[in-house]
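J.: Please find one structure pasted underneath; my questions will follow.
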Amino acid sequence: MKIRLGYELTYQSAQPTPMILNLNVHYTRAADLVRADHMMTEPWVPLTLYRDSFGNWCTRLVAPAGVIRITSDAIITDRGVPDPVVPNAPLFSVENLPEETLVYLLGSRYCDTEHLSEAAWKLFGGTTPGWPRVQAVCDFVHQHLKFVYQYARSTKTASEAYNERQGVCRDFAHLAISFCRCLNIPARYCTGYLGDIGVPPVDAPMDFSGWFEAYVGGTWYTFDARHNVPRIGRVLIARGRDAADVAISMTFGPTVLTSFKVWTDEIKAA
C-alpha cells in the first residue's frame, strides 16, 4: 500500500531565530519513500541536515523575523500489515543485554523512574517476564490514563501522568517506558506518523503520534499504550530516550507556532 504523509507548520519569530527540526522520515524507512519528504520553506532559507546521536535526521535553519512556513508532502510504500505480536519473546537479564540498550534502562527527563519503581514492581512483578510483562504494562497504562488533548502539558513527567491519570499519546508512552525501565526492560520513545488506516476514523485533527519500543527476545518491538492494538501504516520519524530527544522543533529565540497541520492518508487504488 502507499501512504501520503506530510505537514505544514507556520512559525512567527520576533527576530532571526535558529531552529532544529526533527521531521524527516527515519533512515530505516528511506528506501520506502516513493516521493521524498523534502522540506520546503517560505520564504526560502538555507537548510543543513545532520544525524544526531540516536541516528535521527535533523534539519538546521535560521527562521527570519516574521513568518516562516515549513512544509513537506511525501508518499511512502508500506507493507500494510499490523505491528508484529510475539507473545513468546523472552526477557534478557541485565547482564546479558547488549551495551547499546543499557541507556534505555536509565531515567530521563520525562521518564522519572525513581518515582515509579515501587509501583512498577507491585503492579507487574508477578507477571510473566518478557513480552507478556510489557503487554501487561500497556494494558494497565491504557486503562489508567484518560486521553484528552486538553490534558497536554510540555512539562508533564511519567509520574505526574500516573498520579493525574490523564494525558496525551506522549504521556501514555512515557509512563509505559518508565514502568518497563523500572522492570529492567530497555524501552525507548518513538515519534512518527500514524493515520486512521484499518480503523474507524477519529473526529480530531491529525497529529504526530508517540509510541515506544521495548527490547525483548533480542529485538526491539513496537508497543503502543495509547491505542493498545496492533496498527497498520505506522511510519517512524525518530527515536530517543523520551520526547525531549525527538522534539519536532527546537527554537533558540522568541518564536511561536501559529499553525500546525499533519496528514497521513492511504492512497486508494484507482
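Scheme for the C-alpha cells: letters A, B, ... for chains in order shown; per-chain residue numbers from 1; ligand numbers from 1 in order shown.
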Would you pick out the contacts of Thr48 in chain A at 7 Å or less, using only C-alpha atoms, so that residues sharing its chain but fewer than 5 positions from it are not included, and give the list as a PyMOL selection string?

T.: chain A and resi 59-61

J.: For the residues in the current selection, export C-alpha atoms as an mmCIF file, in the first residue's frame.

T.:
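Below you can see out-v5.cif, which holds the result:
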```cif
data_model
loop_
_atom_site.group_PDB
_atom_site.id
_atom_site.type_symbol
_atom_site.label_atom_id
_atom_site.label_comp_id
_atom_site.auth_asym_id
_atom_site.auth_seq_id
_atom_site.Cartn_x
_atom_site.Cartn_y
_atom_site.Cartn_z
ATOM 1 C CA THR A 59 17.489 19.939 9.950
ATOM 2 C CA ARG A 60 19.062 23.236 10.980
ATOM 3 C CA LEU A 61 17.857 26.603 9.723
#
```

J.: Give the answer as one residue: which of A:Asn163, A:Gln150, A:Gln15, A:Ser209 has the shortest atom-to-atom distance to Leu236 in chain A, using only C-alpha atoms?

T.: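 Closest residue, counting only C-alpha atoms: A:Ser209.
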
J.: Quick check, in Å to one decimal: how far apart do CA of Gly66 in chain A and CA of Gly6 in chain A lie?

T.: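 It comes out at 23.3 Å.
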
J.: Write out as a Markdown table a residue-level contact list of range 154-251 of chain A versus range 141-145 of chain A with cut-off 10 Å: for each qualifying residue the closest pair of atoms and the distance in Å to one decimal, counting only C-alpha atoms, rows sorted by chain and residue number upward.

T.:
```
| residue | atom | partner | partner_atom | distance |
| --- | --- | --- | --- | --- |
| A:Ala161 | CA | A:Leu145 | CA | 7.5 |
| A:Tyr162 | CA | A:Leu145 | CA | 7.3 |
| A:Asn163 | CA | A:Leu145 | CA | 9.4 |
| A:Glu164 | CA | A:Leu145 | CA | 8.1 |
| A:Arg165 | CA | A:Leu145 | CA | 4.5 |
| A:Gln166 | CA | A:Leu145 | CA | 4.6 |
| A:Gly167 | CA | A:Leu145 | CA | 6.5 |
| A:Val168 | CA | A:Leu145 | CA | 8.7 |
| A:Cys169 | CA | A:Leu145 | CA | 9.9 |
| A:Asp171 | CA | A:Leu145 | CA | 8.6 |
| A:Phe172 | CA | A:Val141 | CA | 6.4 |
| A:Ala173 | CA | A:Val141 | CA | 8.7 |
| A:His174 | CA | A:Val141 | CA | 9.9 |
| A:Leu175 | CA | A:Val141 | CA | 7.1 |
| A:Ala176 | CA | A:Val141 | CA | 6.5 |
| A:Phe179 | CA | A:Val141 | CA | 9.5 |
| A:Asp224 | CA | A:His142 | CA | 8.8 |
| A:Ala225 | CA | A:His142 | CA | 5.3 |
| A:Arg226 | CA | A:His142 | CA | 5.5 |
| A:His227 | CA | A:His142 | CA | 7.3 |
| A:Asn228 | CA | A:His142 | CA | 6.7 |
```

J.: For the selection just defined, write its residues with C-alpha atoms to a file, as a PDB file, in the first residue's frame.

T.:
```
ATOM      1  CA  ALA A 161       0.718  11.384  34.362  1.00  0.00           C
ATOM      2  CA  TYR A 162       0.416   8.346  36.645  1.00  0.00           C
ATOM      3  CA  ASN A 163      -0.858  10.467  39.542  1.00  0.00           C
ATOM      4  CA  GLU A 164      -3.122  12.697  37.416  1.00  0.00           C
ATOM      5  CA  ARG A 165      -4.459   9.722  35.406  1.00  0.00           C
ATOM      6  CA  GLN A 166      -4.732  11.734  32.198  1.00  0.00           C
ATOM      7  CA  GLY A 167      -2.642  12.788  29.221  1.00  0.00           C
ATOM      8  CA  VAL A 168      -1.963  12.516  25.502  1.00  0.00           C
ATOM      9  CA  CYS A 169      -0.058   9.913  23.477  1.00  0.00           C
ATOM     10  CA  ASP A 171       2.214  10.640  28.317  1.00  0.00           C
ATOM     11  CA  PHE A 172       0.968   7.105  27.623  1.00  0.00           C
ATOM     12  CA  ALA A 173       4.354   6.290  26.081  1.00  0.00           C
ATOM     13  CA  HIS A 174       6.379   7.942  28.859  1.00  0.00           C
ATOM     14  CA  LEU A 175       4.530   6.065  31.595  1.00  0.00           C
ATOM     15  CA  ALA A 176       4.842   2.706  29.836  1.00  0.00           C
ATOM     16  CA  PHE A 179       7.469   1.120  34.056  1.00  0.00           C
ATOM     17  CA  ASP A 224       1.503   1.467  21.805  1.00  0.00           C
ATOM     18  CA  ALA A 225      -0.069   2.007  25.222  1.00  0.00           C
ATOM     19  CA  ARG A 226      -2.494   4.619  23.934  1.00  0.00           C
ATOM     20  CA  HIS A 227      -4.190   2.514  21.248  1.00  0.00           C
ATOM     21  CA  ASN A 228      -3.119  -0.877  22.671  1.00  0.00           C
TER      22      ASN A 228
END
```

J.: So that I can see what lies close to Gly218 in chain A, please list as a VMD selection string the residues with an atom at most 12 Å from it, counting only C-alpha atoms and leaving out residues fewer than 4 positions away in the same chain.

T.: chain A and resid 86 88 to 93 96 to 98 101 130 to 131 185 to 186 214

J.: Kindly export the residues of the current selection with N, CA, C and O atoms, as an mmCIF file, in the first residue's frame.

T.:
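Result file is part-v3.cif:
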```cif
data_model
loop_
_atom_site.group_PDB
_atom_site.id
_atom_site.type_symbol
_atom_site.label_atom_id
_atom_site.label_comp_id
_atom_site.auth_asym_id
_atom_site.auth_seq_id
_atom_site.Cartn_x
_atom_site.Cartn_y
_atom_site.Cartn_z
ATOM 1 N N VAL A 86 4.595 -10.947 19.255
ATOM 2 C CA VAL A 86 5.428 -12.127 19.507
ATOM 3 C C VAL A 86 5.312 -12.484 20.991
ATOM 4 O O VAL A 86 6.189 -12.161 21.802
ATOM 5 N N ASN A 88 5.836 -14.962 22.817
ATOM 6 C CA ASN A 88 6.853 -15.790 23.486
ATOM 7 C C ASN A 88 8.231 -15.135 23.514
ATOM 8 O O ASN A 88 9.219 -15.780 23.884
ATOM 9 N N ALA A 89 8.336 -13.859 23.127
ATOM 10 C CA ALA A 89 9.635 -13.173 23.166
ATOM 11 C C ALA A 89 10.086 -13.057 24.624
ATOM 12 O O ALA A 89 9.382 -12.471 25.450
ATOM 13 N N PRO A 90 11.265 -13.607 24.963
ATOM 14 C CA PRO A 90 11.685 -13.653 26.366
ATOM 15 C C PRO A 90 12.359 -12.358 26.824
ATOM 16 O O PRO A 90 12.752 -11.516 26.023
ATOM 17 N N LEU A 91 12.489 -12.250 28.135
ATOM 18 C CA LEU A 91 13.210 -11.137 28.742
ATOM 19 C C LEU A 91 14.673 -11.508 28.896
ATOM 20 O O LEU A 91 14.996 -12.612 29.343
ATOM 21 N N PHE A 92 15.584 -10.602 28.519
ATOM 22 C CA PHE A 92 17.009 -10.806 28.737
ATOM 23 C C PHE A 92 17.389 -10.219 30.095
ATOM 24 O O PHE A 92 16.942 -9.135 30.447
ATOM 25 N N SER A 93 18.201 -10.940 30.855
ATOM 26 C CA SER A 93 18.702 -10.392 32.108
ATOM 27 C C SER A 93 19.626 -9.220 31.809
ATOM 28 O O SER A 93 20.222 -9.137 30.725
ATOM 29 N N ASN A 96 23.065 -9.693 30.397
ATOM 30 C CA ASN A 96 23.148 -10.243 29.038
ATOM 31 C C ASN A 96 22.626 -9.288 27.967
ATOM 32 O O ASN A 96 22.585 -9.639 26.787
ATOM 33 N N LEU A 97 22.237 -8.074 28.361
ATOM 34 C CA LEU A 97 21.752 -7.108 27.379
ATOM 35 C C LEU A 97 22.906 -6.516 26.578
ATOM 36 O O LEU A 97 23.990 -6.269 27.117
ATOM 37 N N PRO A 98 22.707 -6.230 25.285
ATOM 38 C CA PRO A 98 23.730 -5.530 24.501
ATOM 39 C C PRO A 98 23.995 -4.146 25.093
ATOM 40 O O PRO A 98 23.085 -3.484 25.596
ATOM 41 N N THR A 101 21.768 -1.051 24.447
ATOM 42 C CA THR A 101 20.425 -0.957 25.012
ATOM 43 C C THR A 101 20.423 -0.401 26.431
ATOM 44 O O THR A 101 19.359 -0.008 26.937
ATOM 45 N N GLY A 130 9.194 -10.898 29.955
ATOM 46 C CA GLY A 130 9.249 -10.852 28.503
ATOM 47 C C GLY A 130 8.065 -10.110 27.923
ATOM 48 O O GLY A 130 7.531 -9.169 28.535
ATOM 49 N N TRP A 131 7.642 -10.538 26.734
ATOM 50 C CA TRP A 131 6.533 -9.866 26.053
ATOM 51 C C TRP A 131 5.291 -9.744 26.923
ATOM 52 O O TRP A 131 4.679 -8.657 26.987
ATOM 53 N N ILE A 185 13.579 -3.669 31.669
ATOM 54 C CA ILE A 185 13.315 -3.896 30.246
ATOM 55 C C ILE A 185 13.687 -2.621 29.493
ATOM 56 O O ILE A 185 13.072 -1.575 29.710
ATOM 57 N N PRO A 186 14.681 -2.642 28.624
ATOM 58 C CA PRO A 186 15.019 -1.437 27.850
ATOM 59 C C PRO A 186 13.813 -0.965 27.044
ATOM 60 O O PRO A 186 13.114 -1.762 26.405
ATOM 61 N N ALA A 214 10.181 -1.731 23.001
ATOM 62 C CA ALA A 214 10.790 -2.448 24.117
ATOM 63 C C ALA A 214 11.698 -3.544 23.574
ATOM 64 O O ALA A 214 11.407 -4.149 22.534
#
```

J.: Identify, with DSSP run on backbone atoms, the residues in range 44-146 of chain A assigned to alpha helix (DSSP H), and express the list as a list in words.

T.: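 Written out, the alpha helix (DSSP H) residues of range 44-146 of chain A are Ser117, Glu118, Ala119, Ala120, Trp121, Lys122, Leu123, Phe124, Trp131, Pro132, Arg133, Val134, Gln135, Ala136, Val137, Cys138, Asp139, Phe140, Val141, His142, Gln143 and His144 of chain A.
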
J.: Those same residues - N, CA, C and O atoms - I'd like them written as a PDB file, in the first residue's frame.

T.:
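Dumped to result_12.pdb:
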```
ATOM      1  N   SER A 117       9.398   3.153  40.557  1.00  0.00           N
ATOM      2  CA  SER A 117       9.936   1.804  40.710  1.00  0.00           C
ATOM      3  C   SER A 117       9.088   0.944  41.643  1.00  0.00           C
ATOM      4  O   SER A 117       8.765  -0.212  41.329  1.00  0.00           O
ATOM      5  N   GLU A 118       8.728   1.479  42.793  1.00  0.00           N
ATOM      6  CA  GLU A 118       7.941   0.699  43.750  1.00  0.00           C
ATOM      7  C   GLU A 118       6.600   0.281  43.151  1.00  0.00           C
ATOM      8  O   GLU A 118       6.173  -0.879  43.268  1.00  0.00           O
ATOM      9  N   ALA A 119       5.923   1.223  42.484  1.00  0.00           N
ATOM     10  CA  ALA A 119       4.636   0.912  41.853  1.00  0.00           C
ATOM     11  C   ALA A 119       4.808  -0.122  40.753  1.00  0.00           C
ATOM     12  O   ALA A 119       3.968  -1.027  40.595  1.00  0.00           O
ATOM     13  N   ALA A 120       5.886  -0.018  39.968  1.00  0.00           N
ATOM     14  CA  ALA A 120       6.106  -0.943  38.858  1.00  0.00           C
ATOM     15  C   ALA A 120       6.207  -2.380  39.352  1.00  0.00           C
ATOM     16  O   ALA A 120       5.565  -3.294  38.810  1.00  0.00           O
ATOM     17  N   TRP A 121       7.011  -2.603  40.377  1.00  0.00           N
ATOM     18  CA  TRP A 121       7.193  -3.969  40.866  1.00  0.00           C
ATOM     19  C   TRP A 121       5.955  -4.485  41.573  1.00  0.00           C
ATOM     20  O   TRP A 121       5.634  -5.683  41.510  1.00  0.00           O
ATOM     21  N   LYS A 122       5.225  -3.589  42.220  1.00  0.00           N
ATOM     22  CA  LYS A 122       3.988  -4.001  42.877  1.00  0.00           C
ATOM     23  C   LYS A 122       2.941  -4.401  41.846  1.00  0.00           C
ATOM     24  O   LYS A 122       2.218  -5.394  42.013  1.00  0.00           O
ATOM     25  N   LEU A 123       2.854  -3.643  40.771  1.00  0.00           N
ATOM     26  CA  LEU A 123       1.842  -3.900  39.750  1.00  0.00           C
ATOM     27  C   LEU A 123       2.200  -5.065  38.834  1.00  0.00           C
ATOM     28  O   LEU A 123       1.316  -5.839  38.430  1.00  0.00           O
ATOM     29  N   PHE A 124       3.484  -5.188  38.472  1.00  0.00           N
ATOM     30  CA  PHE A 124       3.861  -6.102  37.387  1.00  0.00           C
ATOM     31  C   PHE A 124       4.884  -7.165  37.784  1.00  0.00           C
ATOM     32  O   PHE A 124       5.243  -8.001  36.954  1.00  0.00           O
ATOM     33  N   TRP A 131       7.642 -10.538  26.734  1.00  0.00           N
ATOM     34  CA  TRP A 131       6.533  -9.866  26.053  1.00  0.00           C
ATOM     35  C   TRP A 131       5.291  -9.744  26.923  1.00  0.00           C
ATOM     36  O   TRP A 131       4.679  -8.657  26.987  1.00  0.00           O
ATOM     37  N   PRO A 132       4.863 -10.813  27.644  1.00  0.00           N
ATOM     38  CA  PRO A 132       3.650 -10.680  28.456  1.00  0.00           C
ATOM     39  C   PRO A 132       3.755  -9.570  29.506  1.00  0.00           C
ATOM     40  O   PRO A 132       2.747  -8.913  29.818  1.00  0.00           O
ATOM     41  N   ARG A 133       4.943  -9.336  30.040  1.00  0.00           N
ATOM     42  CA  ARG A 133       5.106  -8.273  31.041  1.00  0.00           C
ATOM     43  C   ARG A 133       4.954  -6.898  30.396  1.00  0.00           C
ATOM     44  O   ARG A 133       4.293  -6.013  30.954  1.00  0.00           O
ATOM     45  N   VAL A 134       5.544  -6.707  29.233  1.00  0.00           N
ATOM     46  CA  VAL A 134       5.392  -5.426  28.528  1.00  0.00           C
ATOM     47  C   VAL A 134       3.938  -5.209  28.153  1.00  0.00           C
ATOM     48  O   VAL A 134       3.406  -4.095  28.288  1.00  0.00           O
ATOM     49  N   GLN A 135       3.260  -6.269  27.703  1.00  0.00           N
ATOM     50  CA  GLN A 135       1.844  -6.132  27.348  1.00  0.00           C
ATOM     51  C   GLN A 135       1.002  -5.810  28.572  1.00  0.00           C
ATOM     52  O   GLN A 135       0.046  -5.018  28.493  1.00  0.00           O
ATOM     53  N   ALA A 136       1.368  -6.386  29.721  1.00  0.00           N
ATOM     54  CA  ALA A 136       0.649  -6.061  30.956  1.00  0.00           C
ATOM     55  C   ALA A 136       0.815  -4.584  31.308  1.00  0.00           C
ATOM     56  O   ALA A 136      -0.127  -3.930  31.781  1.00  0.00           O
ATOM     57  N   VAL A 137       2.011  -4.044  31.079  1.00  0.00           N
ATOM     58  CA  VAL A 137       2.245  -2.615  31.287  1.00  0.00           C
ATOM     59  C   VAL A 137       1.338  -1.800  30.366  1.00  0.00           C
ATOM     60  O   VAL A 137       0.677  -0.842  30.797  1.00  0.00           O
ATOM     61  N   CYS A 138       1.291  -2.167  29.089  1.00  0.00           N
ATOM     62  CA  CYS A 138       0.454  -1.435  28.129  1.00  0.00           C
ATOM     63  C   CYS A 138      -1.021  -1.511  28.512  1.00  0.00           C
ATOM     64  O   CYS A 138      -1.746  -0.505  28.431  1.00  0.00           O
ATOM     65  N   ASP A 139      -1.476  -2.693  28.924  1.00  0.00           N
ATOM     66  CA  ASP A 139      -2.874  -2.849  29.323  1.00  0.00           C
ATOM     67  C   ASP A 139      -3.205  -1.921  30.488  1.00  0.00           C
ATOM     68  O   ASP A 139      -4.259  -1.267  30.505  1.00  0.00           O
ATOM     69  N   PHE A 140      -2.300  -1.872  31.461  1.00  0.00           N
ATOM     70  CA  PHE A 140      -2.549  -1.028  32.633  1.00  0.00           C
ATOM     71  C   PHE A 140      -2.570   0.450  32.253  1.00  0.00           C
ATOM     72  O   PHE A 140      -3.495   1.188  32.635  1.00  0.00           O
ATOM     73  N   VAL A 141      -1.551   0.897  31.513  1.00  0.00           N
ATOM     74  CA  VAL A 141      -1.468   2.319  31.151  1.00  0.00           C
ATOM     75  C   VAL A 141      -2.664   2.716  30.296  1.00  0.00           C
ATOM     76  O   VAL A 141      -3.244   3.802  30.477  1.00  0.00           O
ATOM     77  N   HIS A 142      -3.056   1.838  29.384  1.00  0.00           N
ATOM     78  CA  HIS A 142      -4.206   2.115  28.517  1.00  0.00           C
ATOM     79  C   HIS A 142      -5.467   2.351  29.340  1.00  0.00           C
ATOM     80  O   HIS A 142      -6.288   3.231  29.011  1.00  0.00           O
ATOM     81  N   GLN A 143      -5.648   1.582  30.403  1.00  0.00           N
ATOM     82  CA  GLN A 143      -6.826   1.715  31.245  1.00  0.00           C
ATOM     83  C   GLN A 143      -6.687   2.839  32.273  1.00  0.00           C
ATOM     84  O   GLN A 143      -7.664   3.483  32.646  1.00  0.00           O
ATOM     85  N   HIS A 144      -5.456   3.075  32.728  1.00  0.00           N
ATOM     86  CA  HIS A 144      -5.224   4.004  33.832  1.00  0.00           C
ATOM     87  C   HIS A 144      -5.332   5.464  33.403  1.00  0.00           C
ATOM     88  O   HIS A 144      -5.819   6.309  34.164  1.00  0.00           O
TER      89      HIS A 144
END
```

J.: Nearest to Ala187 in chain A: which of A:Val45, A:Leu102, A:Ala14, A:Ile76 is it, counting only C-alpha atoms?

T.: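 Result for the nearest residue to Ala187 in chain A: A:Leu102.
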
J.: Using only C-alpha atoms, tabulate the residues of range 158-200 of chain A lying at most 10 Å from any atom of range 247-262 of chain A, each with its closest atom pair and that distance in Å to one decimal, by chain and increasing residue number, as a Markdown table.

T.:
```
| residue | atom | partner | partner_atom | distance |
| --- | --- | --- | --- | --- |
| A:Thr191 | CA | A:Ala247 | CA | 8.8 |
| A:Gly192 | CA | A:Ile248 | CA | 9.8 |
| A:Tyr193 | CA | A:Val262 | CA | 8.5 |
| A:Gly195 | CA | A:Val262 | CA | 9.7 |
```

J.: Need the shell around Leu194 in chain A: protein/DNA/RNA residues with any atom at most 10 Å away, counting only C-alpha atoms. Skip same-chain ones fewer than 3 positions apart. Format as JSON, numbers by chain?

T.: {"A": [5, 191, 197, 206, 207, 208, 209, 210, 211, 231, 232, 233, 234, 235, 236, 263, 264, 265]}

J.: Show me, as number ranges by chain, the residues that have an atom within 8 Å of Glu213 in chain A when counting only C-alpha atoms, minus same-chain residues fewer than 5 positions from it.

T.: A: 187-190, 220-223

J.: If I take CA of Glu95 in chain A and CA of Ala244 in chain A, how far is one from the other in Å, to one decimal?

T.: 27.9 Å

J.: Mind the document's chain letters and residue numbers, and return as a ChimeraX atom specification the residues of range 68-233 of chain A that DSSP labels strand (DSSP E).

T.: /A:68-77,146-147,166-167,187-194,209-216,219-223

J.: Would you pick out the contacts of Thr113 in chain A at 7 Å or less, using only C-alpha atoms, so that residues sharing its chain but fewer than 3 positions from it are not included, and give the list as a ChimeraX atom specification?

T.: /A:107,116-117,178,182

J.: Keeping only N, CA, C and O atoms, write those residues as a PDB file, in the first residue's frame.

T.:
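Output file selection13.pdb follows:
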```
ATOM      1  N   GLY A 107      16.695   6.441  33.879  1.00  0.00           N
ATOM      2  CA  GLY A 107      15.727   7.526  33.916  1.00  0.00           C
ATOM      3  C   GLY A 107      16.148   8.640  32.979  1.00  0.00           C
ATOM      4  O   GLY A 107      17.319   8.790  32.631  1.00  0.00           O
ATOM      5  N   LEU A 116       8.695   5.781  40.253  1.00  0.00           N
ATOM      6  CA  LEU A 116       7.741   4.767  39.817  1.00  0.00           C
ATOM      7  C   LEU A 116       8.190   3.334  40.064  1.00  0.00           C
ATOM      8  O   LEU A 116       7.426   2.395  39.814  1.00  0.00           O
ATOM      9  N   SER A 117       9.398   3.153  40.557  1.00  0.00           N
ATOM     10  CA  SER A 117       9.936   1.804  40.710  1.00  0.00           C
ATOM     11  C   SER A 117       9.088   0.944  41.643  1.00  0.00           C
ATOM     12  O   SER A 117       8.765  -0.212  41.329  1.00  0.00           O
ATOM     13  N   SER A 178       8.647   4.171  31.378  1.00  0.00           N
ATOM     14  CA  SER A 178       9.183   4.247  32.738  1.00  0.00           C
ATOM     15  C   SER A 178       8.946   2.959  33.496  1.00  0.00           C
ATOM     16  O   SER A 178       9.842   2.451  34.186  1.00  0.00           O
ATOM     17  N   CYS A 182      11.868   0.449  34.928  1.00  0.00           N
ATOM     18  CA  CYS A 182      11.877   0.026  36.332  1.00  0.00           C
ATOM     19  C   CYS A 182      11.940  -1.492  36.450  1.00  0.00           C
ATOM     20  O   CYS A 182      12.493  -2.024  37.431  1.00  0.00           O
TER      21      CYS A 182
END
```

J.: Pick out the closest residue to Ile68 in chain A from this set: A:Ile267, A:Trp44, A:Leu106, A:Asp83. Count only C-alpha atoms.

T.: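 Of all the options, A:Trp44 lies closest to Ile68 in chain A.
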
J.: Just give me the gap between CA of Lys268 in chain A and CA of Asp37 in chain A in Å, one decimal is fine.

T.: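 That distance, rounded to one decimal, is 19.9 Å.
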
J.: Near Ala63 in chain A, counting only C-alpha atoms, which residues have an atom at most 7 Å away, once you skip same-chain residues fewer than 5 positions from it, shown as a PyMOL selection string?

T.: chain A and resi 16-19+68

J.: Pick from A:Glu160, A:Asp203, A:Glu100, A:Asp196: nearest to Glu266 in chain A, with only C-alpha atoms counted?

T.: A:Asp196
